[in-house]
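J.: File follows, final_36.txt with compact mmCIF, C-alpha atoms:
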# COMPACT_ATOMS: atom_id res chain seq x y z
CA MET F 15 -5.28 -12.10 -26.22
CA ASN F 16 -2.00 -13.68 -25.09
CA THR F 17 -0.07 -11.70 -27.72
CA LEU F 18 -1.69 -8.44 -26.60
CA ASN F 19 -1.01 -9.37 -22.98
CA ASN F 20 2.68 -9.94 -23.74
CA ILE F 21 3.01 -6.64 -25.63
CA THR F 22 1.22 -4.48 -23.03
CA GLY F 23 2.96 -6.35 -20.21
CA ALA F 24 6.38 -5.74 -21.72
CA LEU F 25 5.65 -2.03 -22.25
CA SER F 26 4.37 -1.54 -18.70
CA VAL F 27 7.29 -3.48 -17.21
CA LEU F 28 9.79 -1.33 -19.10
CA MET F 29 7.98 1.92 -18.29
CA ILE F 30 7.47 1.20 -14.59
CA PHE F 31 11.01 -0.13 -14.16
CA VAL F 32 12.54 2.94 -15.82
CA PHE F 33 10.26 5.26 -13.84
CA GLY F 34 11.12 3.48 -10.59
CA VAL F 35 14.85 3.82 -11.29
CA TYR F 36 14.37 7.49 -12.21
CA LEU F 37 12.46 8.25 -8.99
CA SER F 38 14.95 6.26 -6.91
CA PHE F 39 17.87 8.40 -8.08
CA LYS F 40 15.87 11.63 -7.90
CA THR F 41 14.86 10.93 -4.29
CA LYS F 42 18.25 9.39 -3.35
CA PHE F 43 16.61 5.98 -2.82
CA PHE F 44 14.21 7.36 -0.25
CA GLN F 45 12.24 4.07 -0.27
CA PHE F 46 15.01 2.50 1.83
CA LEU F 47 15.70 5.52 3.99
CA GLY F 48 12.00 6.05 4.60
CA LEU F 49 11.10 2.41 5.30
CA LYS F 50 11.84 2.69 9.02
CA ASN F 51 9.74 5.82 9.33
CA ALA F 52 7.04 4.19 7.19
CA PHE F 53 6.64 1.39 9.74
CA LYS F 54 6.65 3.86 12.61
CA THR F 55 3.75 5.64 10.94
CA LEU F 56 2.04 2.31 10.20
CA ILE F 57 2.32 1.01 13.78
CA LYS F 58 1.15 4.34 15.16
CA ASP F 59 -1.93 4.25 12.89
CA LEU F 60 -2.74 0.57 13.47
CA PHE F 61 -2.78 0.98 17.24
CA SER F 62 -4.55 4.32 17.20
CA HIS F 63 -8.01 4.31 18.81
CA LYS F 64 -8.87 7.83 17.72
CA ASN F 65 -12.14 7.98 15.79
CA SER F 66 -12.32 10.12 12.68
CA THR F 67 -14.83 12.97 12.77
CA ASN F 68 -14.06 14.28 9.30
CA GLY F 69 -13.69 11.71 6.55
CA VAL F 70 -11.76 8.46 6.71
CA SER F 71 -8.96 8.04 9.25
CA SER F 72 -5.42 7.43 8.02
CA LYS F 73 -5.69 3.94 9.52
CA GLY F 74 -8.94 3.32 7.60
CA ALA F 75 -7.41 4.56 4.34
CA MET F 76 -4.37 2.33 4.86
CA CYS F 77 -6.49 -0.75 5.57
CA THR F 78 -8.76 -0.03 2.58
CA ALA F 79 -5.69 0.20 0.32
CA LEU F 80 -4.29 -2.99 1.84
CA ALA F 81 -7.66 -4.71 1.37
CA ALA F 82 -7.57 -3.94 -2.35
CA THR F 83 -3.84 -4.72 -2.63
CA ILE F 84 -3.72 -7.99 -0.70
CA GLY F 85 -6.25 -10.19 -2.44
CA THR F 86 -6.36 -13.63 -3.95
CA GLY F 87 -3.60 -12.58 -6.37
CA ASN F 88 -1.14 -12.91 -3.50
CA ILE F 89 -2.00 -16.60 -3.34
CA VAL F 90 -3.26 -17.68 -6.77
CA GLY F 91 -1.30 -15.11 -8.80
CA VAL F 92 1.97 -16.20 -7.19
CA SER F 93 1.05 -19.86 -7.53
CA GLY F 94 0.26 -19.46 -11.22
CA ALA F 95 3.44 -17.47 -11.88
CA ILE F 96 5.63 -20.17 -10.33
CA ALA F 97 3.82 -22.91 -12.26
CA LEU F 98 4.23 -21.02 -15.53
CA CYS F 99 7.83 -19.87 -15.19
CA GLY F 100 9.47 -21.54 -12.22
CA ALA F 101 10.84 -20.29 -8.92
CA GLY F 102 12.81 -17.47 -10.57
CA VAL F 103 9.71 -15.25 -10.82
CA VAL F 104 9.88 -14.82 -7.05
CA PHE F 105 13.27 -13.10 -7.36
CA TRP F 106 11.99 -10.62 -9.95
CA LEU F 107 8.81 -10.02 -7.97
CA VAL F 108 10.91 -9.03 -4.92
CA VAL F 109 13.36 -6.93 -6.96
CA SER F 110 10.54 -5.03 -8.64
CA SER F 111 9.07 -4.19 -5.24
CA ALA F 112 12.14 -2.09 -4.39
CA PHE F 113 11.26 0.30 -7.20
CA ALA F 114 7.52 -0.13 -6.63
CA MET F 115 7.89 1.36 -3.14
CA ILE F 116 9.15 4.73 -4.38
CA ILE F 117 6.57 4.85 -7.18
CA LYS F 118 3.74 4.26 -4.71
CA TYR F 119 5.17 6.82 -2.28
CA THR F 120 5.33 9.45 -5.03
CA GLU F 121 1.89 8.83 -6.52
CA ILE F 122 0.25 8.88 -3.07
CA TYR F 123 2.16 12.01 -2.04
CA ILE F 124 0.95 13.86 -5.14
CA ALA F 125 -2.64 12.60 -4.80
CA VAL F 126 -2.85 13.70 -1.16
CA TYR F 127 -1.32 17.09 -1.99
CA PHE F 128 -4.02 17.79 -4.60
CA LYS F 129 -7.02 16.19 -2.84
CA LYS F 130 -10.13 18.28 -2.33
CA SER F 131 -12.25 18.85 0.77
CA MET F 132 -15.88 17.73 0.44
CA GLN F 133 -18.90 18.06 2.71
CA ASN F 134 -18.25 14.77 4.50
CA GLY F 135 -14.50 14.40 4.03
CA PHE F 136 -12.05 14.38 1.13
CA VAL F 137 -11.79 13.07 -2.40
CA GLY F 138 -8.79 12.58 -4.67
CA GLY F 139 -6.61 10.28 -6.70
CA THR F 140 -4.51 10.52 -9.85
CA MET F 141 -7.49 11.86 -11.84
CA TYR F 142 -8.01 14.73 -9.40
CA ALA F 143 -4.27 15.46 -9.28
CA VAL F 144 -4.35 15.82 -13.08
CA LYS F 145 -7.44 18.04 -12.92
CA TYR F 146 -6.08 20.41 -10.29
CA GLY F 147 -2.32 20.09 -10.78
CA LEU F 148 -1.83 20.19 -14.55
CA PRO F 149 -3.00 22.52 -17.36
CA LYS F 150 -6.45 21.74 -18.83
CA ARG F 151 -4.97 20.19 -21.97
CA PHE F 152 -3.86 17.23 -19.83
CA LEU F 153 -7.37 16.50 -18.49
CA PRO F 154 -7.82 13.57 -20.96
CA LEU F 155 -5.10 11.80 -18.93
CA GLY F 156 -7.33 11.92 -15.86
CA VAL F 157 -10.40 10.85 -17.85
CA CYS F 158 -8.50 7.96 -19.46
CA PHE F 159 -7.14 6.83 -16.09
CA SER F 160 -10.62 6.93 -14.51
CA ALA F 161 -12.18 4.92 -17.33
CA LEU F 162 -9.47 2.27 -17.11
CA LEU F 163 -9.78 2.18 -13.32
CA LEU F 164 -13.51 1.49 -13.73
CA LEU F 165 -12.81 -1.47 -16.03
CA ALA F 166 -9.95 -2.76 -13.88
CA SER F 167 -12.18 -2.68 -10.81
CA LEU F 168 -14.52 -5.10 -12.57
CA GLY F 169 -11.70 -7.43 -13.66
CA THR F 170 -8.85 -7.40 -11.14
CA GLY F 171 -11.01 -6.05 -8.34
CA ASN F 172 -14.13 -8.13 -8.77
CA LEU F 173 -14.26 -11.11 -11.16
CA ILE F 174 -10.78 -12.47 -10.31
CA GLN F 175 -11.32 -12.15 -6.57
CA ILE F 176 -14.77 -13.75 -6.47
CA ASN F 177 -13.86 -16.48 -8.97
CA THR F 178 -10.79 -17.46 -6.96
CA SER F 179 -12.71 -17.34 -3.68
CA LEU F 180 -15.22 -19.72 -5.27
CA SER F 181 -12.41 -22.08 -6.30
CA GLY F 182 -11.28 -22.24 -2.68
CA LEU F 183 -14.82 -22.80 -1.45
CA LEU F 184 -15.53 -25.61 -3.94
CA ASN F 185 -12.29 -27.36 -2.96
CA ILE F 186 -13.93 -28.13 0.38
CA PHE F 187 -16.46 -30.40 -1.34
CA PRO F 188 -15.73 -33.82 -2.95
CA LYS F 189 -14.59 -33.81 -6.60
CA ASN F 190 -17.88 -35.34 -7.80
CA PHE F 191 -19.99 -32.79 -5.91
CA LYS F 192 -23.20 -32.28 -7.94
CA PHE F 193 -24.28 -28.87 -6.74
CA SER F 194 -21.19 -26.77 -7.54
CA LEU F 195 -23.11 -24.30 -9.70
CA GLU F 196 -25.83 -23.84 -7.08
CA VAL F 197 -23.26 -23.23 -4.32
CA SER F 198 -21.36 -20.81 -6.59
CA VAL F 199 -24.49 -18.81 -7.41
CA CYS F 200 -25.57 -18.65 -3.74
CA PHE F 201 -22.09 -17.49 -2.68
CA SER F 202 -22.00 -14.88 -5.44
CA LEU F 203 -25.47 -13.57 -4.55
CA ILE F 204 -24.64 -13.27 -0.84
CA THR F 205 -21.36 -11.51 -1.69
CA ALA F 206 -23.14 -9.15 -4.10
CA VAL F 207 -25.66 -8.12 -1.42
CA PHE F 208 -22.92 -7.65 1.20
CA ILE F 209 -20.69 -5.60 -1.12
CA GLY F 210 -23.62 -3.54 -2.38
CA PHE F 211 -24.80 -2.74 1.13
CA LEU F 212 -21.38 -1.49 2.26
CA LEU F 213 -20.72 0.51 -0.92
CA LEU F 214 -24.13 2.20 -0.63
CA SER F 215 -23.34 2.99 3.00
CA GLY F 216 -20.36 5.05 1.85
CA ILE F 217 -16.57 4.83 1.86
CA ASP F 218 -16.56 5.39 5.65
CA SER F 219 -18.30 2.03 6.13
CA VAL F 220 -15.89 0.35 3.73
CA ALA F 221 -12.89 1.76 5.61
CA LYS F 222 -14.25 0.77 9.05
CA THR F 223 -14.90 -2.79 7.85
CA CYS F 224 -11.37 -3.04 6.43
CA GLU F 225 -9.90 -1.65 9.68
CA LYS F 226 -11.43 -4.52 11.61
CA THR F 227 -10.63 -7.38 9.21
CA ILE F 228 -7.34 -6.75 7.40
CA PRO F 229 -4.89 -6.75 10.39
CA PHE F 230 -6.27 -10.08 11.64
CA LEU F 231 -6.29 -11.66 8.19
CA LEU F 232 -2.65 -10.69 7.70
CA LEU F 233 -1.69 -11.97 11.14
CA PHE F 234 -3.31 -15.39 10.70
CA TYR F 235 -2.08 -15.91 7.14
CA THR F 236 1.46 -14.95 8.16
CA ALA F 237 1.36 -17.34 11.14
CA SER F 238 0.08 -20.22 8.96
CA SER F 239 2.71 -19.61 6.29
CA LEU F 240 5.54 -19.34 8.82
CA ALA F 241 4.44 -22.65 10.31
CA VAL F 242 4.87 -24.33 6.89
CA ILE F 243 8.30 -22.72 6.49
CA LEU F 244 9.47 -23.78 9.95
CA LEU F 245 8.24 -27.36 9.48
CA ASN F 246 10.19 -27.58 6.21
CA PHE F 247 13.12 -25.46 7.33
CA ASP F 248 15.72 -28.04 6.31
CA ARG F 249 14.82 -27.46 2.64
CA LEU F 250 14.90 -23.66 2.84
CA PRO F 251 18.54 -23.21 1.61
CA GLN F 252 17.77 -25.47 -1.37
CA VAL F 253 14.62 -23.49 -2.25
CA LEU F 254 16.40 -20.12 -1.96
CA ALA F 255 19.13 -21.40 -4.28
CA MET F 256 16.41 -22.56 -6.70
CA ILE F 257 14.89 -19.05 -6.71
CA LEU F 258 18.23 -17.41 -7.51
CA GLU F 259 19.17 -19.95 -10.18
CA GLY F 260 15.72 -19.82 -11.77
CA ALA F 261 15.80 -16.02 -11.98
CA PHE F 262 18.62 -16.12 -14.57
CA THR F 263 18.48 -19.65 -15.99
CA PRO F 264 14.81 -20.78 -15.79
CA LYS F 265 15.34 -24.01 -17.73
CA ALA F 266 17.87 -25.19 -15.12
CA VAL F 267 15.05 -25.23 -12.55
CA THR F 268 12.08 -26.19 -14.71
CA GLY F 269 13.81 -28.95 -16.63
CA GLY F 270 13.36 -27.15 -19.94
CA ALA F 271 9.57 -26.62 -19.59
CA VAL F 272 10.32 -22.88 -19.53
CA THR F 273 13.33 -21.53 -21.40
CA SER F 274 12.71 -17.79 -21.67
CA LEU F 275 14.42 -15.46 -19.23
CA PHE F 276 12.26 -12.61 -20.56
CA LEU F 277 9.05 -14.53 -19.79
CA THR F 278 10.25 -15.21 -16.24
CA LEU F 279 11.26 -11.58 -15.69
CA LYS F 280 8.07 -10.19 -17.27
CA THR F 281 5.77 -12.56 -15.35
CA GLY F 282 7.47 -11.82 -12.02
CA ILE F 283 7.26 -8.05 -12.45
CA VAL F 284 3.74 -8.01 -13.94
CA ARG F 285 2.34 -10.26 -11.20
CA GLY F 286 4.13 -7.99 -8.70
CA ILE F 287 2.43 -4.93 -10.22
CA VAL F 288 -0.96 -6.68 -10.18
CA SER F 289 -0.36 -7.51 -6.52
CA ASN F 290 1.15 -4.30 -5.07
CA GLU F 291 -0.56 -1.96 -7.60
CA ALA F 292 2.42 0.43 -7.68
CA GLY F 293 2.38 2.41 -10.90
CA MET F 294 -1.29 1.65 -11.47
CA GLY F 295 -2.41 4.59 -9.35
CA SER F 296 -5.39 2.79 -7.83
CA ALA F 297 -4.24 3.16 -4.22
CA THR F 298 -4.07 6.95 -4.62
CA VAL F 299 -7.86 7.00 -4.35
CA ALA F 300 -7.88 5.32 -0.91
CA HIS F 301 -5.14 7.50 0.55
CA ALA F 302 -6.59 10.73 -0.83
CA VAL F 303 -9.84 10.24 1.14
CA SER F 304 -7.84 10.07 4.38
CA ASN F 305 -8.24 13.03 6.74
CA ASN F 306 -4.44 13.10 7.03
CA LYS F 307 -3.35 16.25 5.21
CA ASN F 308 0.38 15.46 5.36
CA PRO F 309 1.40 14.02 1.95
CA LYS F 310 4.71 12.67 3.25
CA THR F 311 3.36 10.54 6.11
CA GLU F 312 0.53 9.24 3.93
CA GLY F 313 3.02 8.45 1.17
CA GLU F 314 5.20 6.55 3.64
CA LEU F 315 2.25 4.27 4.32
CA GLY F 316 2.42 3.40 0.61
CA ILE F 317 6.01 2.24 1.09
CA ALA F 318 4.86 0.00 3.94
CA GLU F 319 1.98 -1.32 1.81
CA VAL F 320 4.30 -2.54 -0.95
CA PHE F 321 6.64 -4.09 1.62
CA ILE F 322 3.76 -5.94 3.33
CA ASP F 323 2.25 -7.07 0.04
CA THR F 324 5.62 -8.39 -1.17
CA ALA F 325 6.15 -10.18 2.14
CA VAL F 326 2.78 -11.96 1.73
CA CYS F 327 3.70 -12.95 -1.84
CA LEU F 328 7.08 -14.24 -0.65
CA LEU F 329 5.44 -16.25 2.15
CA THR F 330 3.07 -17.80 -0.39
CA ALA F 331 5.97 -18.63 -2.72
CA LEU F 332 7.92 -20.31 0.08
CA VAL F 333 4.85 -22.33 1.11
CA ILE F 334 4.51 -23.52 -2.50
CA LEU F 335 8.19 -24.33 -3.01
CA LEU F 336 8.73 -25.91 0.42
CA GLY F 337 5.40 -27.71 0.60
CA ASN F 338 5.63 -29.26 -2.91
CA LYS F 339 8.62 -31.51 -3.56
CA GLU F 340 7.68 -31.86 -7.24
CA ILE F 341 6.12 -29.17 -9.43
CA THR F 342 4.96 -29.58 -13.03
CA TYR F 343 6.02 -26.42 -14.86
CA GLY F 344 4.72 -24.77 -17.99
CA THR F 345 0.99 -24.48 -17.19
CA ASP F 346 -0.89 -22.19 -14.79
CA THR F 347 -2.22 -24.49 -12.05
CA GLY F 348 -3.85 -21.61 -10.22
CA LEU F 349 -4.91 -22.55 -6.71
CA LEU F 350 -3.64 -26.14 -6.72
CA LEU F 351 0.03 -25.45 -5.91
CA ALA F 352 -0.79 -23.22 -2.95
CA LEU F 353 -3.38 -25.69 -1.69
CA SER F 354 -1.03 -28.67 -1.93
CA GLY F 355 1.75 -26.68 -0.23
CA PHE F 356 -0.41 -26.28 2.87
CA GLU F 357 -2.01 -29.72 2.57
CA ASN F 358 1.31 -31.59 2.34
CA THR F 359 2.31 -29.94 5.63
CA PHE F 360 -0.89 -29.80 7.67
CA GLY F 361 -2.99 -32.50 6.05
CA ALA F 362 -6.54 -32.35 4.67
CA ILE F 363 -7.71 -29.74 7.20
CA SER F 364 -5.58 -27.12 5.42
CA LYS F 365 -8.01 -26.91 2.49
CA TYR F 366 -10.64 -25.55 4.86
CA ILE F 367 -8.19 -23.01 6.26
CA LEU F 368 -7.07 -21.88 2.81
CA ALA F 369 -10.68 -21.66 1.60
CA ILE F 370 -11.47 -19.28 4.45
CA PHE F 371 -8.38 -17.17 3.68
CA LEU F 372 -9.28 -16.98 0.00
CA MET F 373 -12.87 -15.99 0.69
CA LEU F 374 -11.98 -13.30 3.21
CA PHE F 375 -9.03 -11.94 1.20
CA GLY F 376 -11.15 -11.99 -1.94
CA ILE F 377 -14.19 -10.23 -0.44
CA SER F 378 -12.07 -7.57 1.27
CA SER F 379 -10.24 -6.93 -2.01
CA VAL F 380 -13.55 -6.58 -3.87
CA LEU F 381 -14.66 -4.09 -1.24
CA GLY F 382 -11.52 -1.96 -1.64
CA TRP F 383 -11.73 -1.97 -5.44
CA GLY F 384 -15.43 -1.13 -5.26
CA ALA F 385 -14.49 2.03 -3.37
CA TYR F 386 -11.88 2.88 -6.04
CA GLY F 387 -14.36 2.37 -8.86
CA THR F 388 -16.98 4.52 -7.13
CA VAL F 389 -14.61 7.50 -6.97
CA ALA F 390 -13.67 7.00 -10.64
CA ALA F 391 -17.35 6.81 -11.65
CA GLU F 392 -18.17 9.98 -9.71
CA PHE F 393 -15.24 11.77 -11.34
CA LEU F 394 -16.57 10.84 -14.79
CA TYR F 395 -20.33 10.99 -14.27
CA GLY F 396 -21.01 12.69 -10.93
CA LYS F 397 -22.93 11.29 -7.94
CA THR F 398 -25.54 9.62 -10.15
CA GLY F 399 -22.80 7.77 -12.03
CA GLY F 400 -21.31 6.63 -8.73
CA LEU F 401 -24.67 5.27 -7.58
CA VAL F 402 -25.25 3.39 -10.83
CA TYR F 403 -21.71 1.98 -10.64
CA LYS F 404 -22.31 0.59 -7.13
CA PHE F 405 -25.28 -1.44 -8.39
CA LEU F 406 -23.44 -2.64 -11.50
CA PHE F 407 -20.30 -3.54 -9.54
CA SER F 408 -22.33 -5.56 -7.02
CA ALA F 409 -24.29 -7.28 -9.79
CA ALA F 410 -21.02 -8.26 -11.53
CA CYS F 411 -20.23 -10.55 -8.58
CA VAL F 412 -23.02 -12.86 -9.75
CA LEU F 413 -21.38 -13.37 -13.17
CA CYS F 414 -18.25 -14.99 -11.72
CA PRO F 415 -19.40 -18.65 -11.79
CA LEU F 416 -20.05 -18.29 -15.54
CA ILE F 417 -16.68 -16.86 -16.64
CA SER F 418 -13.33 -18.62 -17.24
CA VAL F 419 -10.74 -17.46 -14.72
CA ASP F 420 -7.92 -17.78 -17.31
CA LYS F 421 -9.60 -15.22 -19.56
CA ILE F 422 -10.22 -12.91 -16.60
CA TRP F 423 -6.52 -13.01 -15.63
CA SER F 424 -5.38 -12.17 -19.17
CA PHE F 425 -7.97 -9.41 -19.52
CA SER F 426 -7.06 -7.93 -16.13
CA GLU F 427 -3.31 -8.00 -16.76
CA ILE F 428 -3.86 -6.13 -20.04
CA LEU F 429 -6.04 -3.52 -18.30
CA ASN F 430 -3.56 -3.10 -15.45
CA SER F 431 -0.71 -2.62 -17.89
CA ILE F 432 -2.62 -0.04 -19.95
CA MET F 433 -3.88 1.77 -16.83
CA SER F 434 -0.32 2.33 -15.67
CA ILE F 435 0.45 4.42 -18.79
CA PRO F 436 -1.71 7.52 -18.04
CA ASN F 437 -0.89 7.21 -14.34
CA VAL F 438 2.90 7.15 -14.81
CA ILE F 439 2.75 10.00 -17.34
CA ALA F 440 0.65 12.09 -14.95
CA VAL F 441 2.85 11.37 -11.92
CA PHE F 442 5.99 12.14 -13.95
CA LEU F 443 4.59 15.51 -15.10
CA LEU F 444 3.39 16.41 -11.60
CA PHE F 445 6.59 15.21 -9.90
CA LYS F 446 8.62 17.85 -11.69
CA GLY F 447 6.75 20.52 -9.69
CA PHE F 448 7.88 19.13 -6.32
CA LYS F 449 11.43 19.90 -5.19
CA ASN F 450 11.18 18.67 -1.59
CA ILE F 451 8.98 15.62 -1.92
CA THR F 452 10.94 13.63 0.67
CA LYS F 453 11.54 16.41 3.21
Now that the file is in, can you turn its structure into structure tokens?
T.:
Amino acid sequence: MNTLNNITGALSVLMIFVFGVYLSFKTKFFQFLGLKNAFKTLIKDLFSHKNSTNGVSSKGAMCTALAATIGTGNIVGVSGAIALCGAGVVFWLVVSSAFAMIIKYTEIYIAVYFKKSMQNGFVGGTMYAVKYGLPKRFLPLGVCFSALLLLASLGTGNLIQINTSLSGLLNIFPKNFKFSLEVSVCFSLITAVFIGFLLLSGIDSVAKTCEKTIPFLLLFYTASSLAVILLNFDRLPQVLAMILEGAFTPKAVTGGAVTSLFLTLKTGIVRGIVSNEAGMGSATVAHAVSNNKNPKTEGELGIAEVFIDTAVCLLTALVILLGNKEITYGTDTGLLLALSGFENTFGAISKYILAIFLMLFGISSVLGWGAYGTVAAEFLYGKTGGLVYKFLFSAACVLCPLISVDKIWSFSEILNSIMSIPNVIAVFLLFKGFKNITK
């Protein structure tokens, strides 16, 4: 599986990087020019008190997309990447986000342009853009994308999130705690019922829940991370230098435990893609259901999403590198590095704080991905397929205590890499039909 992961990861990195560079030049690097306007739109939406009467509000769509984007991968994924390859992955993660912003803007713009009005709102995404924007011979692209989105929602969007949330929860208990399996099963069952109830209530309920939780989660996690950075501020120049040095000469930082520049670059970019989802096309589903009919303003929210997601990843990385004076490189330590980064600064109480963050981030991410998977299932199998999917997706939460998280990460990274192929091809073909995409 590792060999397949490396091959698919390398292909997706190359494809998304080239596509990001292509879009950047074609749009005259609009991701930087549009960033200011993106945050104006974001702030306007976040502080809007207008209730939606037709479909999901732009604010709700944004928070649903952020819920799916900002999950446990922002904590554990970054922690594992640093442990595997050193501090240099942070540099490549940030660099890749510059191109990710324009990819996400473009794919959301196109999805919103081709979305369709339904009885209770709107529906859309890359699969619908293919169906209504390209000749019929390209429909297999949309079908392939939907099928992969379904599978990815179970891996990246469900098993990883719940499994990692469980790891955080079990860290609260002593190491010799005898009832870990019982606690895990109870947590999984409660989560399954909660997720199932909201998914069955419709995407409106999902969006309203995300509206109320995501801004506060982001605020508190940012404040906690900044506190760690400020309390270790004297080491910040040293850590920043370590990130830059490790980006090009990993072995200089890891003491020879990692010697491959390609592995560092690939891991940084792939973990960035898993985190911000640019190029995967998943977020197009959330933004297409918005009642905002302006593709440009909705696409600009995608730029802001990638920026926010990267900022959270960077905060996590700095907590890890500042809070841990010594790191053992070469193996994925998962949650431990992030946990010790907070614990070395705040003491034992931090494990309770981080456990809460992981649970809330994880559950909100599962909720967002559940909404994505529902739209994909309905595209493939109609309303009945969507209903069946909701039950299966909720039931999958219960399997998490029984599955190895390492295997889930590898499986999910492979799926994410493959899913980006039909999405990027579709967006590339559709993009050629838009001459004023940034005007």
J.: Just give me the residues with any atom within 12 Å of (16.0, 11.2, -9.0), file coordinates, counting all atoms listed in the file, written as a PyMOL selection string.
T.: chain F and resi 32-45+116-117+120+442+445-446+448-452
J.: Looking at F:Phe360, F:Phe105, F:Tyr119, F:Phe407, which one is nearest to Leu254 (chain F), with distances taken over only C-alpha atoms?
T.: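 Closest candidate: F:Phe105.
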J.: Between CA of Leu244 (chain F) and CA of Ala97 (chain F), measure the distance and give it in Å to one decimal.
T.: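 Calculated distance between CA of Leu244 (chain F) and CA of Ala97 (chain F) is 22.9 Å.
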J.: With distances taken over all atoms listed in the file, which of F:Val333, F:Cys77, F:Val412, F:Ala369 is nearest to Leu240 (chain F)?
T.: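 Under the stated criterion, the closest residue is F:Val333.
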J.: Can you pull out the residues contacting Ile96 (chain F)? Cut-off 8 Å, using all atoms listed in the file, and skip same-chain residues under 6 positions away; I want them as a list in words.
T.: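 The residues that qualify are Gly102, Val103, Val104, Ala331 and Tyr343 of chain F.
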J.: List the neighbours of Tyr146 (chain F) out to 12 Å using all atoms listed in the file; skip same-chain residues closer than 2 positions along the sequence, and give me the result as a list in words.
T.: Ile124, Ala125, Val126, Tyr127, Phe128, Lys129, Lys130, Gly138, Gly139, Thr140, Met141, Tyr142, Ala143, Val144, Leu148, Pro149, Lys150, Arg151, Phe152, Leu153, Gly156, Ala440 and Leu444 of chain F
J.: Find the distance between CA of Glu314 (chain F) and CA of Val441 (chain F) and write it in Å to one decimal.
T.: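 Straight-line distance from CA of Glu314 (chain F) to CA of Val441 (chain F) works out to 16.5 Å.
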J.: Residues near Gly216 (chain F), anyone? I mean within 12 Å using all atoms listed in the file, not counting same-chain ones fewer than 2 positions away, as a PyMOL selection string.
T.: chain F and resi 69-70+134-135+209-214+218-223+303+381-382+384-386+388-389+397+400-401+404
J.: Store the residues picked out above, limited to C-alpha atoms, as a short mmCIF file (atom, residue, chain, number, x, y, z; two decimals), keeping the file's coordinate frame.
T.:
data_model
loop_
_atom_site.label_atom_id
_atom_site.label_comp_id
_atom_site.auth_asym_id
_atom_site.auth_seq_id
_atom_site.Cartn_x
_atom_site.Cartn_y
_atom_site.Cartn_z
CA GLY F 69 -13.69 11.71 6.55
CA VAL F 70 -11.76 8.46 6.71
CA ASN F 134 -18.25 14.77 4.50
CA GLY F 135 -14.50 14.40 4.03
CA ILE F 209 -20.69 -5.60 -1.12
CA GLY F 210 -23.62 -3.54 -2.38
CA PHE F 211 -24.80 -2.74 1.13
CA LEU F 212 -21.38 -1.49 2.26
CA LEU F 213 -20.72 0.51 -0.92
CA LEU F 214 -24.13 2.20 -0.63
CA ASP F 218 -16.56 5.39 5.65
CA SER F 219 -18.30 2.03 6.13
CA VAL F 220 -15.89 0.35 3.73
CA ALA F 221 -12.89 1.76 5.61
CA LYS F 222 -14.25 0.77 9.05
CA THR F 223 -14.90 -2.79 7.85
CA VAL F 303 -9.84 10.24 1.14
CA LEU F 381 -14.66 -4.09 -1.24
CA GLY F 382 -11.52 -1.96 -1.64
CA GLY F 384 -15.43 -1.13 -5.26
CA ALA F 385 -14.49 2.03 -3.37
CA TYR F 386 -11.88 2.88 -6.04
CA THR F 388 -16.98 4.52 -7.13
CA VAL F 389 -14.61 7.50 -6.97
CA LYS F 397 -22.93 11.29 -7.94
CA GLY F 400 -21.31 6.63 -8.73
CA LEU F 401 -24.67 5.27 -7.58
CA LYS F 404 -22.31 0.59 -7.13
#
J.: Quick one, how far is CA of Phe321 (chain F) from CA of Ile257 (chain F)?
T.: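 One can read the CA of Phe321 (chain F) to CA of Ile257 (chain F) distance as 19.0 Å.
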J.: From the set F:Ala410, F:Gly361, F:Leu394, F:Ser26, which residue has the shortest atom-to-atom contact distance to Pro154 (chain F), counting all atoms listed in the file?
T.: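 Among the listed residues, F:Leu394 lies closest to Pro154 (chain F).
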J.: Mind checking which residues fall within 9 Å of Val197 (chain F), counting all atoms listed in the file, ignoring those fewer than 6 positions away in the same chain, and posting them as a VMD selection string?
T.: chain F and resid 180 183 to 184
J.: Find the spatial neighbours of Ser434 (chain F), counting only C-alpha atoms, within a cut-off of 10 Å - ignore same-chain residues fewer than 5 positions away - and output them as an MDAnalysis selection string.
T.: chainID F and resid 25:27 29:30 159 162:163 287 291:296 429 439:440
J.: From the set F:Gly447, F:Pro188, F:Gly355, F:Pro264, which residue has the shortest atom-to-atom contact distance to Gly147 (chain F), counting all atoms listed in the file?
T.: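 Going through F:Gly447, F:Pro188, F:Gly355, F:Pro264 one by one, the smallest distance to Gly147 (chain F) is for F:Gly447.
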